[in-house]
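Dumped entry.cif below, it's mmCIF, C-alpha atoms and all ligand atoms:
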data_target
#
loop_
_atom_site.label_atom_id
_atom_site.label_comp_id
_atom_site.auth_asym_id
_atom_site.auth_seq_id
_atom_site.Cartn_x
_atom_site.Cartn_y
_atom_site.Cartn_z
CA MET A 1 -51.93 14.96 62.21
CA ALA A 2 -48.16 14.50 62.06
CA THR A 3 -46.77 13.13 58.77
CA SER A 4 -44.54 10.05 58.92
CA PRO A 5 -40.94 10.84 58.01
CA ARG A 6 -39.92 9.35 54.66
CA ILE A 7 -36.76 7.28 54.86
CA LEU A 8 -34.87 5.88 51.86
CA ALA A 9 -33.05 2.62 52.63
CA PHE A 10 -30.48 0.72 50.61
CA SER A 11 -27.54 -1.61 51.02
CA GLY A 12 -24.01 -1.24 49.68
CA SER A 13 -24.14 -4.90 48.63
CA ALA A 14 -26.52 -6.01 45.90
CA ARG A 15 -25.66 -9.68 46.47
CA LYS A 16 -28.71 -11.95 46.64
CA GLU A 17 -27.66 -13.46 49.97
CA SER A 18 -26.13 -10.25 51.28
CA LEU A 19 -25.88 -10.14 55.06
CA ASN A 20 -26.21 -6.37 54.89
CA ARG A 21 -29.46 -6.68 52.96
CA LYS A 22 -30.73 -9.04 55.65
CA PHE A 23 -29.68 -6.69 58.45
CA LEU A 24 -31.23 -3.79 56.55
CA ALA A 25 -34.52 -5.70 56.22
CA VAL A 26 -34.64 -6.23 60.00
CA THR A 27 -33.82 -2.57 60.59
CA VAL A 28 -36.42 -1.39 58.06
CA GLN A 29 -39.06 -3.40 59.91
CA ALA A 30 -38.02 -1.66 63.15
CA VAL A 31 -38.26 1.73 61.41
CA ARG A 32 -41.80 0.97 60.21
CA GLU A 33 -42.79 -0.16 63.71
CA ALA A 34 -41.38 3.14 65.04
CA GLY A 35 -43.60 5.14 62.65
CA GLY A 36 -41.25 5.79 59.74
CA GLU A 37 -42.32 5.38 56.11
CA VAL A 38 -39.61 3.46 54.29
CA THR A 39 -38.77 3.15 50.61
CA LEU A 40 -36.49 0.13 50.38
CA LEU A 41 -34.29 0.16 47.28
CA ASP A 42 -32.41 -2.66 45.62
CA LEU A 43 -29.34 -1.21 43.92
CA ASN A 44 -29.64 -4.03 41.32
CA ASP A 45 -32.48 -1.89 39.97
CA TYR A 46 -30.21 1.18 39.68
CA VAL A 47 -27.10 -0.16 37.97
CA LEU A 48 -24.56 2.59 37.23
CA PRO A 49 -21.33 2.64 35.27
CA LEU A 50 -18.15 3.23 37.24
CA TYR A 51 -17.84 7.01 37.54
CA HIS A 52 -15.55 8.45 34.87
CA GLY A 53 -15.30 12.14 34.11
CA ASP A 54 -15.01 11.59 30.35
CA LEU A 55 -18.12 9.44 30.36
CA GLU A 56 -20.02 12.10 32.29
CA GLU A 57 -18.86 14.76 29.87
CA ALA A 58 -19.86 12.68 26.83
CA GLU A 59 -23.15 11.27 28.07
CA GLY A 60 -24.20 13.33 31.08
CA MET A 61 -25.87 11.88 34.13
CA PRO A 62 -27.00 8.23 33.75
CA ALA A 63 -30.78 7.82 33.98
CA ASN A 64 -30.44 5.64 37.08
CA ALA A 65 -28.40 8.32 38.84
CA THR A 66 -31.10 10.86 38.04
CA LYS A 67 -33.71 8.51 39.52
CA LEU A 68 -31.63 8.00 42.67
CA ILE A 69 -31.11 11.75 43.07
CA GLU A 70 -34.86 12.31 42.80
CA LEU A 71 -35.47 9.60 45.37
CA ILE A 72 -32.95 11.08 47.82
CA THR A 73 -34.43 14.54 47.31
CA SER A 74 -37.97 13.33 48.01
CA HIS A 75 -37.07 11.68 51.34
CA GLN A 76 -36.16 13.30 54.64
CA ALA A 77 -33.70 10.62 55.67
CA LEU A 78 -31.40 7.83 54.54
CA LEU A 79 -30.73 4.45 56.07
CA ILE A 80 -27.67 2.76 54.57
CA ALA A 81 -26.23 -0.70 55.24
CA SER A 82 -22.52 -0.63 54.59
CA PRO A 83 -20.56 -3.84 53.99
CA GLU A 84 -16.79 -3.82 54.32
CA TYR A 85 -14.18 -4.72 51.72
CA ASN A 86 -10.56 -4.56 52.87
CA SER A 87 -11.53 -2.33 55.81
CA MET A 88 -13.32 0.08 53.50
CA ILE A 89 -16.66 1.02 51.98
CA THR A 90 -17.68 -1.13 48.97
CA PRO A 91 -17.11 0.18 45.43
CA LEU A 92 -20.86 -0.17 44.76
CA LEU A 93 -21.80 2.16 47.59
CA LYS A 94 -19.04 4.68 46.88
CA ASN A 95 -19.81 4.75 43.17
CA THR A 96 -23.53 5.20 43.82
CA ILE A 97 -22.90 8.10 46.21
CA ASP A 98 -20.29 9.64 43.88
CA TRP A 99 -22.73 9.74 40.95
CA CYS A 100 -25.44 11.28 43.14
CA THR A 101 -23.08 14.08 44.21
CA ARG A 102 -22.75 15.08 40.54
CA ALA A 103 -26.24 16.60 40.67
CA ASP A 104 -26.46 20.38 40.27
CA ASP A 105 -27.60 20.61 43.89
CA ASN A 106 -26.12 18.23 46.47
CA PRO A 107 -29.09 15.95 47.29
CA PHE A 108 -27.51 14.84 50.57
CA GLU A 109 -27.42 18.31 52.12
CA GLY A 110 -29.64 18.48 55.21
CA LYS A 111 -30.75 14.82 55.15
CA VAL A 112 -30.85 12.82 58.34
CA ALA A 113 -28.79 9.66 57.88
CA ALA A 114 -28.18 6.44 59.77
CA VAL A 115 -25.65 3.77 58.90
CA ILE A 116 -25.59 0.11 59.90
CA SER A 117 -23.21 -2.69 58.95
CA ALA A 118 -22.84 -6.45 59.03
CA SER A 119 -20.02 -8.87 58.39
CA PRO A 120 -19.09 -12.46 59.12
CA GLY A 121 -16.05 -11.07 60.95
CA ALA A 122 -15.73 -10.13 64.62
CA LEU A 123 -15.78 -6.39 63.89
CA GLY A 124 -19.07 -6.42 61.99
CA ALA A 125 -17.74 -4.04 59.30
CA VAL A 126 -17.61 -1.18 61.79
CA ARG A 127 -14.63 0.41 60.01
CA SER A 128 -16.71 0.79 56.87
CA LEU A 129 -19.65 2.07 58.91
CA VAL A 130 -17.52 4.86 60.38
CA MET A 131 -16.21 5.77 56.92
CA VAL A 132 -19.73 6.10 55.56
CA GLN A 133 -20.79 8.19 58.57
CA ASN A 134 -17.86 10.52 57.87
CA LEU A 135 -18.63 10.66 54.16
CA LEU A 136 -22.27 11.55 54.84
CA LEU A 137 -21.23 14.20 57.37
CA LYS A 138 -18.94 15.70 54.76
CA LEU A 139 -21.88 15.75 52.32
CA GLY A 140 -23.99 17.75 54.78
CA CYS A 141 -26.10 15.02 56.38
CA HIS A 142 -27.15 15.02 60.02
CA VAL A 143 -25.75 11.62 60.99
CA VAL A 144 -27.51 9.73 63.75
CA PRO A 145 -24.77 8.96 66.30
CA GLY A 146 -23.84 5.47 67.45
CA GLN A 147 -22.47 2.39 65.77
CA VAL A 148 -24.99 -0.34 65.01
CA PHE A 149 -22.97 -3.19 63.55
CA LEU A 150 -23.57 -6.93 63.44
CA PRO A 151 -20.52 -9.18 63.93
CA HIS A 152 -20.62 -12.88 62.93
CA ALA A 153 -23.58 -11.98 60.75
CA ASN A 154 -23.32 -15.25 58.83
CA GLN A 155 -24.64 -16.96 62.00
CA ALA A 156 -27.01 -14.22 63.11
CA PHE A 157 -30.19 -14.89 61.09
CA ASP A 158 -32.75 -17.67 61.17
CA GLU A 159 -34.31 -19.08 57.99
CA ALA A 160 -37.02 -16.43 58.01
CA GLY A 161 -34.38 -13.68 58.14
CA ALA A 162 -35.02 -12.73 61.77
CA LEU A 163 -32.17 -12.12 64.19
CA LYS A 164 -31.65 -15.24 66.30
CA GLU A 165 -30.33 -13.25 69.25
CA PRO A 166 -32.92 -10.70 70.47
CA ARG A 167 -30.14 -8.71 72.20
CA SER A 168 -28.86 -7.73 68.73
CA LEU A 169 -32.10 -5.82 68.20
CA LYS A 170 -31.59 -3.52 71.19
CA GLY A 171 -29.05 -1.26 69.51
CA VAL A 172 -31.08 -1.30 66.29
CA LYS A 173 -34.19 -0.07 68.08
CA THR A 174 -32.33 2.71 69.91
CA MET A 175 -30.80 3.97 66.67
CA VAL A 176 -34.09 3.65 64.79
CA ALA A 177 -35.93 5.69 67.44
CA ALA A 178 -33.35 8.47 67.01
CA LEU A 179 -33.58 8.24 63.20
CA VAL A 180 -37.37 8.51 63.13
CA ALA A 181 -37.40 11.33 65.71
CA GLU A 182 -34.73 13.33 63.85
CA ALA A 183 -36.29 12.74 60.44
CA GLY A 184 -39.66 13.72 61.89
CA ARG A 185 -38.31 17.19 62.64
CA PHE A 186 -37.93 17.70 58.89
CA THR A 187 -41.45 16.68 57.87
CA GLY A 188 -44.10 19.27 57.18
C1 LIG B 201 -12.88 -8.10 48.51
C2 LIG B 201 -13.42 -8.41 49.87
C3 LIG B 201 -12.82 -7.86 50.98
C4 LIG B 201 -13.34 -8.10 52.25
N1 LIG B 201 -12.78 -7.45 53.33
C5 LIG B 201 -13.42 -7.51 54.54
C6 LIG B 201 -13.01 -6.70 55.62
O1 LIG B 201 -12.10 -5.90 55.53
N2 LIG B 201 -13.68 -6.79 56.78
C7 LIG B 201 -14.75 -7.66 56.94
O2 LIG B 201 -15.35 -7.68 58.02
N3 LIG B 201 -15.15 -8.45 55.93
C8 LIG B 201 -14.52 -8.40 54.73
N4 LIG B 201 -14.95 -9.16 53.68
C9 LIG B 201 -16.02 -10.14 53.90
C10 LIG B 201 -17.36 -9.46 53.78
O3 LIG B 201 -17.68 -8.84 55.00
C11 LIG B 201 -18.39 -10.53 53.43
O4 LIG B 201 -18.13 -11.03 52.14
C12 LIG B 201 -19.78 -9.99 53.54
O5 LIG B 201 -20.68 -11.08 53.41
C13 LIG B 201 -20.05 -8.93 52.48
O6 LIG B 201 -21.27 -8.27 52.73
P1 LIG B 201 -22.65 -8.81 52.11
O7 LIG B 201 -22.92 -10.16 52.74
O8 LIG B 201 -23.63 -7.80 52.54
O9 LIG B 201 -22.49 -8.94 50.63
C14 LIG B 201 -14.43 -8.95 52.40
C15 LIG B 201 -15.02 -9.53 51.26
C16 LIG B 201 -14.54 -9.25 50.02
C17 LIG B 201 -15.23 -9.84 48.80
#

Any chance you could put this one into C-alpha cells?
Amino acid sequence: MATSPRILAFSGSARKESLNRKFLAVTVQAVREAGGEVTLLDLNDYVLPLYHGDLEEAEGMPANATKLIELITSHQALLIASPEYNSMITPLLKNTIDWCTRADDNPFEGKVAAVISASPGALGAVRSLVMVQNLLLKLGCHVVPGQVFLPHANQAFDEAGALKEPRSLKGVKTMVAALVAEAGRFTG
C-alpha cells in the first residue's frame, strides 16, 4: 500500500486573525482530501530570537530551531503561507528559515515545497510568494510551480473560515494535486 506523503505546513504570520493562517487552513484541508498527511505548525509554538551570529556562537542552536529542523527533516514536503510586508517576505518567516539553515546538514535540500499567499491588497502578496519560491529553490527544494495567491483576503472568508468564492479554490486544488503527487514520489 502506498504511504501518504508527509507535508509540514506553516504560515509566515503568527497573528491570531492572520489571513495567511486562514488561507493555509483551507489549503491544508485540500491537501488532506488529496491524500496528503499534514502536520500543521503554529510558529507561536516555536518562538526564536532574531538570528545573530554572536548569539549562535555563545549559545548554539535554540531548542525551537532544533525542533523545527527535525520536523522539516521528517517530512517529504513543505507548504508555506507567505504574507507580504513592504513587498517582501515577513521577518518571522525569514528568521525561521535562516535559523533552520544553520543546521549541520541543510534540512531543505530535496524537499518538495509549495508556497501560497494572501493579503487584503489587490496583488494578494504575490511578490512575497515569488521571493519565498526563489529562496526555497536556492535552498535545494523542488518548488511546485504556479502562483496561488488570494487578493482581497480580508473579504474572502466566511465566519467558519471557508472561502466565500468557490472559484478561489480551483487554483488551490490544482497546486495541491501537484504537491501531493510530487511529495508522493519521495515516500517509501
Ligand atoms: C509592515 C507592513 C507592511 C505591509 N506591506 C504590504 C505589502 O507590501 N503588500 C501587501 O499586500 N500587504 C502589505 N501589508 C498588509 C498585510 O498584507 C496585511 O497586514 C496582512 O493581513 C498580513 O498578513 P496576515 O493577515 O497573514 O497577518 C503590510 C502590513 C504591514 C504590517

Notebook entry, point to check: ligand LIG 201 (chain B): which residues are within 6 Å, counting all atoms listed in the file, as a ChimeraX atom specification?
Noted result: /A:13,15,18-21,83-87,119-121,124-125

Taking only residues of range 65-141 of chain A that have an atom at most 9 Å from an atom of range 165-179 of chain A, what is each one's shortest atom pair and its distance in Å to one decimal, using all atoms listed in the file, in chain and number order, as CSV?
residue,atom,partner,partner_atom,distance
A:Ala77,CA,A:Leu179,CA,7.9
A:Leu78,CA,A:Leu179,CA,8.9
A:Leu79,CA,A:Leu179,CA,8.6
A:Val112,CA,A:Leu179,CA,7.2
A:Ala113,CA,A:Leu179,CA,7.3
A:Ala114,CA,A:Leu179,CA,6.6
A:Ile116,CA,A:Val172,CA,8.5

Check: Which residue, A:Leu163, A:Leu55, A:Ala153, A:Val144, has the smallest gap to Gln29 in chain A when you use all atoms listed in the file?
Finding: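 Closest candidate: A:Leu163.
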
Margin query: From (-37.2, 20.1, 57.5), in the file's coordinates, out to 9 Å: which residues are reached, counting all atoms listed in the file? Answer as a ChimeraX atom specification.
Written below: /A:76,110-111,183-188

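CA of Glu159 in chain A lies 29.2 Å from CA of Val132 in chain A.
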
Next item on the list: Please measure the separation of CA of Lys16 in chain A and CA of Val31 in chain A, giving the value in Å to one decimal.
Entry: 22.3 Å

Check: From the set A:Ile69, A:Ala156, A:Ala14, A:Ile80, which residue has the shortest atom-to-atom contact distance to Gln133 in chain A, counting only C-alpha atoms?
Finding: A:Ile80

Next item on the list: May I have the residues within 12 Å of Pro91 in chain A as number ranges by chain, using all atoms listed in the file and disregarding those fewer than 2 positions away in the same chain?
Entry: A: 11-14, 48-51, 82-86, 88-89, 93-99, 128

Check: Skipping near chain neighbours, those fewer than 4 positions away, what residues fall within 6 Å of Arg6 in chain A using all atoms listed in the file, listed as a ChimeraX atom specification?
Finding: /A:37-38,75-76

Check: Using all atoms listed in the file, which of the listed residues (A:Ile7, A:Ala34, A:Arg102, A:Ala118) sits closest to Glu57 in chain A?
Finding: A:Arg102

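For the atom pair formed by CA of Met61 in chain A and CA of Tyr46 in chain A, the distance is 12.8 Å, given to one decimal.
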
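The shortest atom-to-atom distance to Asp158 in chain A, with all atoms listed in the file taken into account, belongs to A:Lys22 out of A:Lys22, A:Thr3, A:Val126, A:Glu56.
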
Next item on the list: Name all residues at most 12 Å from Lys67 in chain A (count only C-alpha atoms; drop same-chain ones fewer than 4 positions away) and give them as a ChimeraX atom specification.
Entry: /A:41,43,45-48,61-63,71-74,96,99-100,103,107

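Comparing A:Leu24, A:Leu135, A:Phe108, A:Leu68 by their smallest distance to Phe10 in chain A, the closest is A:Leu24 (using only C-alpha atoms).
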